[in-house]
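Structure file query.csv with CSV, C-alpha atoms and all ligand atoms:
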```csv
chain,number,residue,atom,x,y,z
A,1273,MET,CA,-106.2,-157.5,75.5
A,1274,LYS,CA,-108.5,-155.4,77.6
A,1275,VAL,CA,-111.8,-154.4,76.1
A,1276,LEU,CA,-114.1,-151.7,77.6
A,1277,HIS,CA,-117.6,-152.3,76.3
A,1278,ILE,CA,-120.1,-149.5,77.0
A,1279,ASP,CA,-123.8,-149.4,76.2
A,1280,SER,CA,-125.9,-146.3,76.6
A,1281,SER,CA,-129.2,-146.8,74.8
A,1282,ILE,CA,-132.4,-146.7,76.9
A,1283,MET,CA,-134.1,-149.3,74.7
A,1284,GLY,CA,-132.8,-152.5,76.2
A,1285,ASP,CA,-133.2,-155.6,73.9
A,1286,ALA,CA,-134.9,-153.4,71.2
A,1287,SER,CA,-131.7,-151.3,70.9
A,1288,VAL,CA,-129.8,-151.2,67.6
A,1289,SER,CA,-126.6,-149.8,69.1
A,1290,ARG,CA,-126.6,-152.5,71.8
A,1291,GLN,CA,-127.0,-155.2,69.1
A,1292,LEU,CA,-124.1,-153.6,67.1
A,1293,SER,CA,-121.8,-153.1,70.1
A,1294,GLN,CA,-122.5,-156.7,71.2
A,1295,ALA,CA,-121.6,-158.0,67.8
A,1296,ILE,CA,-118.3,-156.0,67.8
A,1297,VAL,CA,-117.3,-157.4,71.1
A,1298,ALA,CA,-118.2,-161.0,70.0
A,1299,GLN,CA,-116.0,-160.5,67.0
A,1300,LEU,CA,-113.1,-159.1,69.0
A,1301,LYS,CA,-113.4,-162.1,71.4
A,1302,GLU,CA,-113.3,-164.5,68.4
A,1303,LYS,CA,-110.2,-162.8,67.0
A,1304,HIS,CA,-108.4,-162.4,70.4
A,1305,ALA,CA,-108.6,-165.4,72.7
A,1306,ASP,CA,-107.1,-163.3,75.5
A,1307,ALA,CA,-109.8,-160.6,75.3
A,1308,GLN,CA,-111.0,-159.6,78.8
A,1309,VAL,CA,-114.2,-157.5,78.7
A,1310,ASP,CA,-115.3,-154.9,81.2
A,1311,TYR,CA,-118.9,-153.9,80.7
A,1312,LEU,CA,-120.6,-150.6,81.6
A,1313,ASP,CA,-124.4,-150.4,81.0
A,1314,LEU,CA,-124.9,-146.6,81.5
A,1315,ALA,CA,-128.7,-146.9,81.1
A,1316,GLN,CA,-129.1,-149.6,83.7
A,1317,GLN,CA,-126.4,-148.3,86.1
A,1318,PRO,CA,-126.1,-144.6,85.3
A,1319,ILE,CA,-123.0,-142.7,86.4
A,1320,ALA,CA,-123.9,-139.6,88.4
A,1321,HIS,CA,-123.8,-136.4,86.4
A,1322,LEU,CA,-120.9,-134.2,87.3
A,1323,THR,CA,-121.6,-131.7,90.1
A,1324,ALA,CA,-119.4,-129.0,91.7
A,1325,GLU,CA,-119.1,-131.3,94.7
A,1326,ILE,CA,-117.8,-134.1,92.6
A,1327,LEU,CA,-115.5,-131.8,90.6
A,1328,MET,CA,-114.0,-130.4,93.8
A,1329,GLY,CA,-113.5,-133.9,95.2
A,1330,LYS,CA,-115.8,-133.3,98.1
A,1331,ASP,CA,-117.7,-136.6,97.7
A,1332,ALA,CA,-115.4,-139.4,98.6
A,1333,GLU,CA,-117.6,-142.2,97.1
A,1334,GLN,CA,-118.0,-140.3,93.8
A,1335,ALA,CA,-114.3,-139.5,93.8
A,1336,ALA,CA,-113.5,-143.2,94.1
A,1337,LEU,CA,-115.9,-144.1,91.4
A,1338,GLY,CA,-114.4,-141.3,89.2
A,1339,GLU,CA,-110.9,-142.7,89.7
A,1340,GLN,CA,-112.2,-146.2,88.9
A,1341,ILE,CA,-113.8,-145.3,85.6
A,1342,ILE,CA,-110.8,-143.1,84.5
A,1343,GLN,CA,-108.5,-146.0,85.2
A,1344,GLN,CA,-110.8,-148.4,83.4
A,1345,TYR,CA,-110.6,-146.1,80.4
A,1346,LEU,CA,-106.9,-145.7,80.6
A,1347,ASP,CA,-106.3,-149.5,81.0
A,1348,ALA,CA,-108.4,-150.5,78.0
A,1349,ASP,CA,-106.7,-151.5,74.8
A,1350,VAL,CA,-110.0,-151.3,72.9
A,1351,VAL,CA,-113.1,-149.3,73.7
A,1352,VAL,CA,-116.4,-150.3,72.1
A,1353,VAL,CA,-119.2,-147.8,72.7
A,1354,GLY,CA,-122.8,-148.2,71.7
A,1355,ALA,CA,-124.1,-144.7,71.0
A,1356,ALA,CA,-127.7,-144.0,70.0
A,1357,MET,CA,-128.5,-140.6,68.5
A,1358,TYR,CA,-130.8,-138.7,70.8
A,1359,ASN,CA,-131.9,-135.3,69.7
A,1360,PHE,CA,-128.9,-135.0,67.3
A,1361,GLY,CA,-126.5,-135.8,70.1
A,1362,LEU,CA,-125.6,-138.5,72.7
A,1363,SER,CA,-127.7,-139.9,75.5
A,1364,SER,CA,-127.3,-138.0,78.7
A,1365,ALA,CA,-126.0,-141.2,80.3
A,1366,LEU,CA,-123.1,-141.4,77.8
A,1367,LYS,CA,-122.4,-137.6,78.2
A,1368,ALA,CA,-122.2,-138.2,82.0
A,1369,TRP,CA,-119.5,-140.8,81.5
A,1370,ILE,CA,-117.6,-138.4,79.1
A,1371,ASP,CA,-117.8,-135.7,81.8
A,1372,ARG,CA,-116.3,-138.0,84.3
A,1373,ILE,CA,-113.4,-139.4,82.2
A,1374,SER,CA,-112.4,-136.0,80.6
A,1375,VAL,CA,-110.1,-135.0,83.5
A,1376,ALA,CA,-107.1,-132.7,83.1
A,1377,GLY,CA,-103.9,-134.5,84.4
A,1378,LYS,CA,-105.5,-137.9,83.9
A,1379,THR,CA,-106.8,-138.3,80.3
A,1380,PHE,CA,-105.4,-135.1,78.9
A,1381,LYS,CA,-103.1,-132.2,79.9
A,1382,TYR,CA,-102.6,-128.7,78.7
A,1383,THR,CA,-99.1,-127.7,77.5
A,1384,GLU,CA,-97.6,-124.6,76.1
A,1385,ASN,CA,-98.4,-126.0,72.7
A,1386,GLY,CA,-102.0,-126.8,73.5
A,1387,PRO,CA,-103.8,-129.9,74.9
A,1388,VAL,CA,-102.2,-133.3,74.7
A,1389,GLY,CA,-104.2,-136.6,75.2
A,1390,LEU,CA,-102.9,-139.1,77.8
A,1391,ALA,CA,-105.1,-142.1,77.0
A,1392,GLY,CA,-103.6,-142.9,73.6
A,1393,GLY,CA,-102.5,-146.3,72.2
A,1394,LYS,CA,-105.9,-147.7,72.1
A,1395,LYS,CA,-108.6,-148.2,69.4
A,1396,ALA,CA,-112.2,-147.1,69.7
A,1397,TYR,CA,-115.2,-148.6,67.9
A,1398,ILE,CA,-118.4,-146.5,67.9
A,1399,ALA,CA,-121.6,-148.5,67.3
A,1400,SER,CA,-123.7,-145.7,66.0
A,1401,SER,CA,-127.5,-145.9,65.5
A,1402,ARG,CA,-129.8,-143.2,64.3
A,1403,GLY,CA,-133.4,-143.0,63.1
A,1404,GLY,CA,-132.6,-140.7,60.2
A,1405,VAL,CA,-129.9,-140.6,57.6
A,1406,TYR,CA,-127.0,-138.2,58.1
A,1407,GLY,CA,-123.9,-139.8,56.5
A,1408,GLU,CA,-120.5,-138.5,57.3
A,1409,ASN,CA,-119.9,-135.1,58.9
A,1410,SER,CA,-123.4,-133.7,58.8
A,1411,PRO,CA,-123.6,-130.3,60.4
A,1412,VAL,CA,-126.5,-131.5,62.5
A,1413,ASP,CA,-124.8,-134.6,63.7
A,1414,PHE,CA,-123.5,-133.9,67.3
A,1415,GLN,CA,-123.3,-137.6,68.1
A,1416,GLU,CA,-120.5,-139.2,66.2
A,1417,GLY,CA,-118.6,-135.9,65.9
A,1418,MET,CA,-118.7,-135.4,69.7
A,1419,LEU,CA,-117.4,-138.9,70.4
A,1420,LYS,CA,-114.6,-138.7,67.9
A,1421,THR,CA,-113.6,-135.3,69.3
A,1422,VAL,CA,-113.6,-136.5,72.9
A,1423,PHE,CA,-111.7,-139.7,72.0
A,1424,GLY,CA,-109.2,-137.6,70.0
A,1425,PHE,CA,-108.9,-135.0,72.8
A,1426,THR,CA,-107.8,-137.8,75.1
A,1427,GLY,CA,-105.3,-139.1,72.6
A,1428,VAL,CA,-107.4,-141.8,70.9
A,1429,ASN,CA,-107.3,-141.1,67.2
A,1430,ASP,CA,-107.9,-144.6,65.9
A,1431,VAL,CA,-111.6,-144.5,65.9
A,1432,GLU,CA,-113.8,-146.7,63.7
A,1433,ILE,CA,-117.5,-146.0,63.2
A,1434,ILE,CA,-119.8,-148.9,62.6
A,1435,ARG,CA,-123.1,-147.2,61.7
A,1436,ALA,CA,-126.7,-148.2,61.2
A,1437,GLU,CA,-128.8,-145.3,60.2
A,1438,GLY,CA,-132.2,-144.7,58.8
A,1439,VAL,CA,-133.4,-147.4,61.2
A,1440,ASN,CA,-136.7,-145.6,61.8
A,1441,MET,CA,-137.4,-145.1,58.1
A,1442,GLY,CA,-139.0,-148.4,57.4
A,1443,ALA,CA,-138.2,-152.1,57.7
A,1444,GLU,CA,-136.4,-152.3,54.4
A,1445,LEU,CA,-133.9,-149.5,55.2
A,1446,LYS,CA,-133.4,-150.8,58.7
A,1447,ASP,CA,-132.7,-154.4,57.5
A,1448,LYS,CA,-130.2,-153.1,54.9
A,1449,ALA,CA,-128.5,-150.8,57.5
A,1450,MET,CA,-128.1,-153.7,59.9
A,1451,ALA,CA,-126.8,-156.1,57.3
A,1452,ASP,CA,-124.2,-153.6,56.1
A,1453,ALA,CA,-123.1,-152.8,59.7
A,1454,MET,CA,-122.8,-156.6,60.4
A,1455,THR,CA,-120.7,-157.1,57.3
A,1456,LYS,CA,-118.3,-154.4,58.5
A,1457,ILE,CA,-118.2,-156.0,61.9
A,1458,GLN,CA,-117.3,-159.4,60.4
A,1459,ALA,CA,-114.4,-157.7,58.7
A,1460,ILE,CA,-112.9,-156.5,62.0
B,1501,LIG,C1,-135.3,-139.7,72.8
B,1501,LIG,C2,-135.0,-140.0,71.4
B,1501,LIG,C3,-134.4,-139.0,70.6
B,1501,LIG,C4,-134.1,-139.4,69.2
B,1501,LIG,N1,-133.6,-138.4,68.5
B,1501,LIG,C5,-133.2,-138.7,67.2
B,1501,LIG,C6,-132.6,-137.7,66.4
B,1501,LIG,O1,-132.3,-136.6,66.7
B,1501,LIG,N2,-132.3,-138.0,65.1
B,1501,LIG,C7,-132.5,-139.3,64.6
B,1501,LIG,O2,-132.2,-139.5,63.4
B,1501,LIG,N3,-133.1,-140.2,65.4
B,1501,LIG,C8,-133.4,-140.0,66.6
B,1501,LIG,N4,-134.0,-140.9,67.4
B,1501,LIG,C9,-134.1,-142.3,66.9
B,1501,LIG,C10,-132.9,-143.1,67.4
B,1501,LIG,O3,-131.6,-142.5,67.0
B,1501,LIG,C11,-133.0,-144.5,66.8
B,1501,LIG,O4,-134.2,-145.1,67.3
B,1501,LIG,C12,-131.8,-145.4,67.2
B,1501,LIG,O5,-132.0,-146.7,66.8
B,1501,LIG,C13,-131.5,-145.3,68.7
B,1501,LIG,O6,-130.5,-146.2,69.1
B,1501,LIG,P1,-130.9,-147.5,69.9
B,1501,LIG,O7,-131.8,-148.3,69.0
B,1501,LIG,O8,-129.7,-148.1,70.3
B,1501,LIG,O9,-131.7,-147.0,71.1
B,1501,LIG,C14,-134.3,-140.6,68.7
B,1501,LIG,C15,-134.9,-141.6,69.6
B,1501,LIG,C16,-135.2,-141.3,70.9
B,1501,LIG,C17,-135.7,-142.4,71.7
```
When written as structure tokens, how does the structure in this file appear?
Ligand SMILES: Cc1cc2nc3c(=O)[nH]c(=O)nc-3n(C[C@H](O)[C@H](O)[C@H](O)COP(=O)(O)O)c2cc1C
Amino acid sequence: MKVLHIDSSIMGDASVSRQLSQAIVAQLKEKHADAQVDYLDLAQQPIAHLTAEILMGKDAEQAALGEQIIQQYLDADVVVVGAAMYNFGLSSALKAWIDRISVAGKTFKYTENGPVGLAGGKKAYIASSRGGVYGENSPVDFQEGMLKTVFGFTGVNDVEIIRAEGVNMGAELKDKAMADAMTKIQAI
């Protein structure tokens, strides 16, 4: 089983989403002895933001990198993404990855009946962390919704969210949020 583990928080060891994504991957490894993990740390090794040059395939090095990360996404049986909420959305590093894997003809295609995802047959776990409390489907939550939409657009509809929220609202709330998230992870 191929696992693609992605982190994107800028906070290193202090990061909540990193702690959660790491625990999810550890759990997957425990349950699946054959798990092989590819790891992307988008904060430490950022992927270049999309430019016209990259989009038009005029930069050979970036074109090769683009092919590689698309293939890595297509090959994965499970994707685990650590996603911090920054300004109601995703980190720019994670958005840069999304912009590079959302490629027509590779991860989706347009048909007469609308877009069709080409990266299906995998499961995605979103390790979501946010300072405030939003719950499900908040109109100001552009973090989880965007990830679910992008995964769905590429054909990945089996998306499970492991969320710790309210983590900047005091130690008590944070501890409870982390404990609840860890309980969910243990049930994977
Ligand atoms: C630049 C920045 C922007 C943030 N924006 C929000 C926000 O819009 N809403 C919110 O609830 N928390 C916000 N937070 C708090 C983070 O979501 C929270 O600290 C979370 O734990 C971040 O994930 P991490 O610990 O994995 O870095 C922000 C934090 C930073 C550093």
What are the closest atom pairs, with distances in Å to one decimal, for each residue of chain A lying within 8 Å of ligand LIG 1501 (chain B), using all atoms listed in the file, rows by chain and rising residue number, as JSON lines?
```
{"residue": "A:Ser1280", "atom": "CA", "partner": "B:LIG1501", "partner_atom": "O8", "distance": 7.6}
{"residue": "A:Ser1281", "atom": "CA", "partner": "B:LIG1501", "partner_atom": "O9", "distance": 4.5}
{"residue": "A:Ile1282", "atom": "CA", "partner": "B:LIG1501", "partner_atom": "O9", "distance": 5.8}
{"residue": "A:Met1283", "atom": "CA", "partner": "B:LIG1501", "partner_atom": "O9", "distance": 4.9}
{"residue": "A:Gly1284", "atom": "CA", "partner": "B:LIG1501", "partner_atom": "O9", "distance": 7.6}
{"residue": "A:Ala1286", "atom": "CA", "partner": "B:LIG1501", "partner_atom": "O7", "distance": 6.4}
{"residue": "A:Ser1287", "atom": "CA", "partner": "B:LIG1501", "partner_atom": "O7", "distance": 3.6}
{"residue": "A:Val1288", "atom": "CA", "partner": "B:LIG1501", "partner_atom": "O7", "distance": 3.8}
{"residue": "A:Ser1289", "atom": "CA", "partner": "B:LIG1501", "partner_atom": "O8", "distance": 3.7}
{"residue": "A:Arg1290", "atom": "CA", "partner": "B:LIG1501", "partner_atom": "O8", "distance": 5.6}
{"residue": "A:Gln1291", "atom": "CA", "partner": "B:LIG1501", "partner_atom": "O8", "distance": 7.7}
{"residue": "A:Gly1354", "atom": "CA", "partner": "B:LIG1501", "partner_atom": "O8", "distance": 7.0}
{"residue": "A:Ala1355", "atom": "CA", "partner": "B:LIG1501", "partner_atom": "O8", "distance": 6.6}
{"residue": "A:Ala1356", "atom": "CA", "partner": "B:LIG1501", "partner_atom": "O6", "distance": 3.7}
{"residue": "A:Met1357", "atom": "CA", "partner": "B:LIG1501", "partner_atom": "O3", "distance": 3.9}
{"residue": "A:Tyr1358", "atom": "CA", "partner": "B:LIG1501", "partner_atom": "C3", "distance": 3.6}
{"residue": "A:Asn1359", "atom": "CA", "partner": "B:LIG1501", "partner_atom": "O1", "distance": 3.3}
{"residue": "A:Phe1360", "atom": "CA", "partner": "B:LIG1501", "partner_atom": "O1", "distance": 3.8}
{"residue": "A:Gly1361", "atom": "CA", "partner": "B:LIG1501", "partner_atom": "O1", "distance": 6.8}
{"residue": "A:Ser1400", "atom": "CA", "partner": "B:LIG1501", "partner_atom": "O6", "distance": 7.5}
{"residue": "A:Ser1401", "atom": "CA", "partner": "B:LIG1501", "partner_atom": "C12", "distance": 4.7}
{"residue": "A:Arg1402", "atom": "CA", "partner": "B:LIG1501", "partner_atom": "O3", "distance": 3.3}
{"residue": "A:Gly1403", "atom": "CA", "partner": "B:LIG1501", "partner_atom": "N3", "distance": 3.6}
{"residue": "A:Gly1404", "atom": "CA", "partner": "B:LIG1501", "partner_atom": "O2", "distance": 3.4}
{"residue": "A:Val1405", "atom": "CA", "partner": "B:LIG1501", "partner_atom": "O2", "distance": 6.3}
{"residue": "A:Tyr1406", "atom": "CA", "partner": "B:LIG1501", "partner_atom": "O2", "distance": 7.5}
{"residue": "A:Ala1436", "atom": "CA", "partner": "B:LIG1501", "partner_atom": "O5", "distance": 7.9}
{"residue": "A:Glu1437", "atom": "CA", "partner": "B:LIG1501", "partner_atom": "O2", "distance": 7.4}
{"residue": "A:Gly1438", "atom": "CA", "partner": "B:LIG1501", "partner_atom": "O2", "distance": 6.9}
{"residue": "A:Val1439", "atom": "CA", "partner": "B:LIG1501", "partner_atom": "O5", "distance": 5.8}
{"residue": "A:Asn1440", "atom": "CA", "partner": "B:LIG1501", "partner_atom": "O4", "distance": 6.1}
```
Write the residues of the preceding selection, restricted to C-alpha atoms, as a PDB file, in the coordinates of the input.
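Printed below is result19.pdb as written:
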```pdb
ATOM      1  CA  SER A1280    -125.900-146.300  76.600  1.00  0.00           C
ATOM      2  CA  SER A1281    -129.200-146.800  74.800  1.00  0.00           C
ATOM      3  CA  ILE A1282    -132.400-146.700  76.900  1.00  0.00           C
ATOM      4  CA  MET A1283    -134.100-149.300  74.700  1.00  0.00           C
ATOM      5  CA  GLY A1284    -132.800-152.500  76.200  1.00  0.00           C
ATOM      6  CA  ALA A1286    -134.900-153.400  71.200  1.00  0.00           C
ATOM      7  CA  SER A1287    -131.700-151.300  70.900  1.00  0.00           C
ATOM      8  CA  VAL A1288    -129.800-151.200  67.600  1.00  0.00           C
ATOM      9  CA  SER A1289    -126.600-149.800  69.100  1.00  0.00           C
ATOM     10  CA  ARG A1290    -126.600-152.500  71.800  1.00  0.00           C
ATOM     11  CA  GLN A1291    -127.000-155.200  69.100  1.00  0.00           C
ATOM     12  CA  GLY A1354    -122.800-148.200  71.700  1.00  0.00           C
ATOM     13  CA  ALA A1355    -124.100-144.700  71.000  1.00  0.00           C
ATOM     14  CA  ALA A1356    -127.700-144.000  70.000  1.00  0.00           C
ATOM     15  CA  MET A1357    -128.500-140.600  68.500  1.00  0.00           C
ATOM     16  CA  TYR A1358    -130.800-138.700  70.800  1.00  0.00           C
ATOM     17  CA  ASN A1359    -131.900-135.300  69.700  1.00  0.00           C
ATOM     18  CA  PHE A1360    -128.900-135.000  67.300  1.00  0.00           C
ATOM     19  CA  GLY A1361    -126.500-135.800  70.100  1.00  0.00           C
ATOM     20  CA  SER A1400    -123.700-145.700  66.000  1.00  0.00           C
ATOM     21  CA  SER A1401    -127.500-145.900  65.500  1.00  0.00           C
ATOM     22  CA  ARG A1402    -129.800-143.200  64.300  1.00  0.00           C
ATOM     23  CA  GLY A1403    -133.400-143.000  63.100  1.00  0.00           C
ATOM     24  CA  GLY A1404    -132.600-140.700  60.200  1.00  0.00           C
ATOM     25  CA  VAL A1405    -129.900-140.600  57.600  1.00  0.00           C
ATOM     26  CA  TYR A1406    -127.000-138.200  58.100  1.00  0.00           C
ATOM     27  CA  ALA A1436    -126.700-148.200  61.200  1.00  0.00           C
ATOM     28  CA  GLU A1437    -128.800-145.300  60.200  1.00  0.00           C
ATOM     29  CA  GLY A1438    -132.200-144.700  58.800  1.00  0.00           C
ATOM     30  CA  VAL A1439    -133.400-147.400  61.200  1.00  0.00           C
ATOM     31  CA  ASN A1440    -136.700-145.600  61.800  1.00  0.00           C
TER      32      ASN A1440
END
```
Within 12 Å of Phe1423 in chain A, counting all atoms listed in the file, which residues qualify if same-chain residues fewer than 2 places away don't, as a PyMOL selection string?
chain A and resi 1345-1346+1350-1353+1370+1373-1374+1379-1380+1388-1398+1416-1421+1425-1432
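Across A:Ile1457, A:Met1273, A:Ala1320, A:Ala1307, the tightest approach to Leu1292 in chain A is made by A:Ile1457 when counting all atoms listed in the file.
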Test item: residues at most 10 Å from Lys1456 in chain A, all atoms listed in the file, excluding those fewer than 5 positions along its chain, as a PDB file with C-alpha atoms, in the frame of the given file:
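The resulting file, selection-v4.pdb, is shown below:
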```
ATOM      1  CA  ILE A1296    -118.300-156.000  67.800  1.00  0.00           C
ATOM      2  CA  ILE A1433    -117.500-146.000  63.200  1.00  0.00           C
ATOM      3  CA  ILE A1434    -119.800-148.900  62.600  1.00  0.00           C
ATOM      4  CA  ARG A1435    -123.100-147.200  61.700  1.00  0.00           C
ATOM      5  CA  MET A1450    -128.100-153.700  59.900  1.00  0.00           C
ATOM      6  CA  ALA A1451    -126.800-156.100  57.300  1.00  0.00           C
TER       7      ALA A1451
END
```
Two-atom distance - CA of Ala1348 in chain A, CA of Lys1274 in chain A (Å):
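The value is 4.9 Å.
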For range 1321-1329 of chain A, find every residue with an atom within 7 Å (counting all atoms listed in the file), except residues of its own chain fewer than 3 positions away, and show them as a list in words.
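Non-adjacent residues within range: Ala1332, Gln1334, Ala1335, Ala1368, Asp1371 and Arg1372 of chain A.
In this comparison, which uses all atoms listed in the file, the residue of A:Gly1377, A:Gly1442, A:Pro1387, A:Pro1318 approaching Val1422 in chain A most closely is A:Pro1387.
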Rounded to one decimal place, report the CA of Gln1343 in chain A-CA of Lys1303 in chain A distance in Å.
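We find that CA of Gln1343 in chain A and CA of Lys1303 in chain A lie 24.8 Å from each other.
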One decimal, Å: what's the distance from CA of Asn1409 in chain A over to CA of Glu1444 in chain A, could you say?
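A separation of 24.3 Å between them.
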